[in-house]
Structures are given as structure tokens and as C-alpha cells.
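Visitor: Just so it is clear, I am handing over structure12.csv, which has CSV, C-alpha atoms.
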chain,number,residue,atom,x,y,z
C,221,MET,CA,-52.1,9.2,-12.0
C,222,TRP,CA,-51.4,12.5,-10.3
C,223,VAL,CA,-52.9,16.0,-10.3
C,224,THR,CA,-50.7,18.8,-11.8
C,225,SER,CA,-50.4,22.0,-9.8
C,226,GLU,CA,-50.7,24.2,-12.8
C,227,THR,CA,-54.0,22.9,-14.3
C,228,GLY,CA,-55.5,20.9,-11.4
C,229,ARG,CA,-56.3,18.2,-14.0
C,230,ALA,CA,-55.3,14.6,-13.7
C,231,ALA,CA,-52.3,13.4,-15.8
C,232,THR,CA,-50.9,9.9,-16.3
C,233,ALA,CA,-47.3,8.9,-15.9
C,234,ALA,CA,-45.5,6.7,-18.5
C,235,TRP,CA,-42.2,5.5,-17.1
C,236,ILE,CA,-39.9,4.7,-19.9
C,237,HIS,CA,-37.0,2.6,-18.8
C,238,PHE,CA,-34.1,2.1,-21.3
C,239,PRO,CA,-31.9,-1.0,-20.9
C,240,GLY,CA,-28.8,-0.1,-18.8
C,241,GLN,CA,-30.4,3.0,-17.4
C,242,VAL,CA,-30.6,3.4,-13.6
C,243,MET,CA,-33.7,5.2,-12.3
C,244,ILE,CA,-32.9,7.6,-9.5
C,245,PHE,CA,-35.3,9.0,-7.0
C,246,TYR,CA,-35.0,11.7,-4.4
C,247,SER,CA,-36.8,11.2,-1.1
C,248,TRP,CA,-37.1,14.1,1.3
C,249,ILE,CA,-38.3,14.6,4.8
C,250,ALA,CA,-38.8,17.8,6.7
C,251,MET,CA,-38.4,17.6,10.5
C,252,SER,CA,-39.2,19.8,13.4
C,253,ALA,CA,-37.3,20.6,16.6
C,254,SER,CA,-35.0,18.3,18.6
C,255,ASP,CA,-34.9,14.5,18.9
C,256,ARG,CA,-31.6,12.8,18.5
C,257,ALA,CA,-33.1,9.3,18.2
C,258,LEU,CA,-34.9,10.2,14.9
C,259,LEU,CA,-31.7,11.6,13.5
C,260,SER,CA,-29.8,8.4,14.2
C,261,LEU,CA,-32.6,6.5,12.4
C,262,SER,CA,-32.1,8.7,9.3
C,263,GLY,CA,-28.6,7.2,9.0
C,264,LEU,CA,-26.9,10.6,9.5
C,265,PRO,CA,-24.2,10.8,12.2
C,266,THR,CA,-25.7,11.9,15.6
C,267,PRO,CA,-24.6,15.5,16.3
C,268,GLY,CA,-23.2,16.9,19.5
C,269,ALA,CA,-25.4,18.6,22.0
C,270,GLY,CA,-24.7,22.1,20.7
C,271,ASP,CA,-25.1,21.2,17.0
C,272,PRO,CA,-27.7,23.4,15.2
C,273,TRP,CA,-29.2,20.6,13.1
C,274,LEU,CA,-30.8,18.5,15.7
C,275,THR,CA,-34.0,17.1,14.3
C,276,GLY,CA,-37.4,16.0,15.6
C,277,LEU,CA,-40.8,14.9,14.3
C,278,PRO,CA,-41.4,14.6,10.5
C,279,VAL,CA,-43.8,17.4,9.4
C,280,ALA,CA,-43.7,16.7,5.6
C,281,MET,CA,-42.1,14.2,3.2
C,282,GLY,CA,-42.2,13.1,-0.4
C,283,ILE,CA,-40.5,11.2,-3.3
C,284,THR,CA,-39.8,12.7,-6.7
C,285,ASP,CA,-37.5,12.0,-9.7
C,286,ASP,CA,-36.2,15.5,-9.7
C,287,ARG,CA,-33.7,16.9,-7.2
C,288,GLY,CA,-34.8,20.5,-7.9
C,289,ARG,CA,-38.4,19.6,-7.0
C,290,ALA,CA,-37.3,17.9,-3.8
C,291,MET,CA,-35.3,21.0,-2.8
C,292,LYS,CA,-38.1,23.4,-3.7
C,293,ALA,CA,-40.6,21.4,-1.6
C,294,GLY,CA,-38.1,21.3,1.3
C,295,GLU,CA,-37.4,25.0,1.0
C,296,GLU,CA,-41.1,25.9,1.2
C,297,THR,CA,-41.5,23.8,4.3
C,298,LEU,CA,-38.4,25.4,5.9
C,299,ARG,CA,-39.5,28.9,5.0
C,300,SER,CA,-43.0,28.3,6.5
C,301,GLY,CA,-41.4,27.7,9.8
C,302,ARG,CA,-42.9,24.2,10.2
C,303,ALA,CA,-39.5,22.4,9.9
C,304,ALA,CA,-36.0,23.0,11.3
C,305,ILE,CA,-34.2,20.9,8.7
C,306,VAL,CA,-34.9,19.0,5.5
C,307,ILE,CA,-33.0,15.8,4.5
C,308,ILE,CA,-32.9,14.7,0.9
C,309,GLU,CA,-31.5,11.3,0.0
C,310,VAL,CA,-30.8,9.8,-3.4
C,311,GLY,CA,-32.2,6.3,-3.9
C,312,ARG,CA,-32.9,3.8,-6.6
C,313,PRO,CA,-35.6,1.2,-7.0
C,314,GLY,CA,-34.8,-2.2,-5.6
C,315,MET,CA,-36.4,-5.4,-4.3
C,316,ALA,CA,-36.4,-6.7,-0.8
C,317,ALA,CA,-34.4,-10.0,-0.6
C,318,ARG,CA,-36.8,-12.1,1.5
C,319,THR,CA,-40.2,-10.8,0.3
C,320,LEU,CA,-39.4,-9.5,-3.2
C,321,ALA,CA,-41.4,-6.4,-2.3
C,322,PRO,CA,-40.4,-3.2,-4.2
C,323,CYS,CA,-38.4,-0.7,-2.1
C,324,TYR,CA,-35.9,2.1,-2.4
C,325,ILE,CA,-32.2,1.5,-1.9
C,326,ARG,CA,-30.2,4.3,-0.5
C,327,THR,CA,-27.1,5.4,-2.5
C,328,GLY,CA,-25.4,7.2,0.3
C,329,VAL,CA,-25.6,10.7,-1.2
C,330,GLY,CA,-27.9,13.4,0.2
C,331,TRP,CA,-28.4,17.0,1.1
C,332,LEU,CA,-29.2,18.7,4.4
C,333,GLY,CA,-31.2,21.9,4.2
C,334,ARG,CA,-31.3,24.5,6.9
C,335,ARG,CA,-32.7,28.0,7.1
C,336,THR,CA,-30.1,30.7,7.4
C,337,PRO,CA,-30.5,33.8,9.7
C,338,GLY,CA,-31.3,35.8,6.6
C,339,GLY,CA,-34.3,33.6,5.7
C,340,ASP,CA,-32.7,31.8,2.8
C,341,VAL,CA,-32.1,28.0,2.7
C,342,ALA,CA,-28.6,26.6,2.6
C,343,TRP,CA,-27.9,23.0,1.3
C,344,ASP,CA,-25.0,20.9,2.5
C,345,ARG,CA,-24.2,17.8,0.5
C,346,PHE,CA,-23.3,14.7,2.5
C,347,PHE,CA,-22.1,11.1,1.9
C,348,LEU,CA,-22.9,8.2,4.1
If you convert what's in this file into C-alpha cells, what do you get?
Guide:
Amino acid sequence: MWVTSETGRAATAAWIHFPGQVMIFYSWIAMSASDRALLSLSGLPTPGAGDPWLTGLPVAMGITDDRGRAMKAGEETLRSGRAAIVIIEVGRPGMAARTLAPCYIRTGVGWLGRRTPGGDVAWDRFFL
């Protein structure tokens, strides 16, 4: 169950999964100023010292089934000034081998969002 932003009322989700269909999810994380260790944990290549997309502490995050919603949420966080970058990664549902716990498996595709000097948000697609 979730609350819709338009009405404020609770709604229920019914996941319909067709045989052969792969469910895709978009996880996003907005990060503040500089910390190279966190960037290396994200799986992205560690940038050089002068690179403008050094990252820091997470300030917001989420998971959705719509790339546009993930980008919109990331853009709002970037424009508010709370975050320096937003990383969106594509994942699919999976199961951990030893515990059989549900998890998300990274597909290796993602987007890096940064605020431009003009105040817009630029997205760069990356592949891991």
C-alpha cells in the first residue's frame, strides 16, 4: 500500500507478472559533497581529484518502476541544493544464493545526474 501524491489517499498495488516478462526497477540515490570511498562503493569508477562529480553522504534515495519518476525525484533533490549528484541504476528482482532472501540485481546500466551552471539537470548514461 502507498499514498498517492495527488489525492493523499491510500492505494493498493497489484503486480501483474506475465511469464517471460522481466521486471525492471530503478534505484536512485542523491549524494552530497565529496567522499571518494562512497563513490567506490557505488560501483562507479573513482574519479580523479579534480573531477566535478565527487560524491558524499546520501541525502535521499528511492526505488521505483519508472525511470522518469526516478529522474524527477533526483532532479528535485539536485535543484533544492541538498545533493551534488544523483545516481540511478537499473536493477531486477533476484534472490540471494545462500539465504534465498529477495534482493535487487544490478544490470550495469545507469544514469549520473548533475546540476548545470544554468540550474538545469544533465543526465549522463553509464555502463558498468
Visitor: Have a look at CA of Ala316 in chain C and CA of Leu332 in chain C and let me know their distance in Å, one decimal.
Guide: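 According to the coordinates, CA of Ala316 in chain C and CA of Leu332 in chain C are separated by 26.9 Å.
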Visitor: Mind checking which residues fall within 7 Å of Ile244 in chain C, counting only C-alpha atoms, ignoring those fewer than 5 positions away in the same chain, and posting them as a PDB file with C-alpha atoms, in the frame of the given file?
Guide:
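Listed below is the output, out-v3.pdb:
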ATOM      1  CA  ASP C 285     -37.500  12.000  -9.700  1.00  0.00           C
ATOM      2  CA  VAL C 310     -30.800   9.800  -3.400  1.00  0.00           C
ATOM      3  CA  GLY C 311     -32.200   6.300  -3.900  1.00  0.00           C
ATOM      4  CA  ARG C 312     -32.900   3.800  -6.600  1.00  0.00           C
TER       5      ARG C 312
END
Visitor: Measuring between all atoms listed in the file, which one of C:Thr284, C:Cys323, C:Arg318, C:Val329 shows the shortest distance to Asp344 in chain C?
Guide: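 Going through C:Thr284, C:Cys323, C:Arg318, C:Val329 one by one, the smallest distance to Asp344 in chain C is for C:Val329.
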Visitor: Give me, as JSON, numbers by chain, all polymer residues having an atom no more than 6 Å from range 277-283 of chain C, counting all atoms listed in the file and skipping those fewer than 6 positions away in the same chain.
Guide: {"C": [246, 247, 248, 249, 250, 251, 252]}
Visitor: Report the distance between CA of Ala342 in chain C and CA of Glu295 in chain C in Å, rounded to one decimal place.
Guide: 9.1 Å
Visitor: In Å, rounded to a single decimal, give me how far CA of Arg287 in chain C is from CA of Arg299 in chain C.
Guide: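 Result for CA of Arg299 in chain C versus CA of Arg287 in chain C: 18.1 Å, one decimal.
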Visitor: Let me make sure I understand: among C:Ile307, C:Met243, C:Leu298, C:Ala293, which one has the smallest atom-to-atom distance to Gly330 in chain C if we use all atoms listed in the file?
Guide: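 Once distances to Gly330 in chain C are computed over all atoms listed in the file, the minimum belongs to C:Ile307.
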Visitor: Taking into account all atoms listed in the file, which residue in the set C:Thr319, C:Gly333, C:Tyr324, C:Glu309 is nearest to Thr297 in chain C?
Guide: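 For Thr297 in chain C, the nearest of the candidates is C:Gly333.
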Visitor: Nearest to Phe346 in chain C: which of C:Gly294, C:Arg289, C:Ile308, C:Ile325 is it, counting all atoms listed in the file?
Guide: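 Going through C:Gly294, C:Arg289, C:Ile308, C:Ile325 one by one, the smallest distance to Phe346 in chain C is for C:Ile308.
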Visitor: From the set C:Ala290, C:Val341, C:Ala303, C:Leu348, which residue has the shortest atom-to-atom contact distance to Gly328 in chain C, counting all atoms listed in the file?
Guide: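 So, comparing all the options, the nearest one is C:Leu348.
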Visitor: Taking all atoms listed in the file into account, which of C:Thr336, C:Gly288, C:Arg345, C:Pro313 comes nearest Gly301 in chain C?
Guide: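 Of all the options, C:Thr336 lies closest to Gly301 in chain C.
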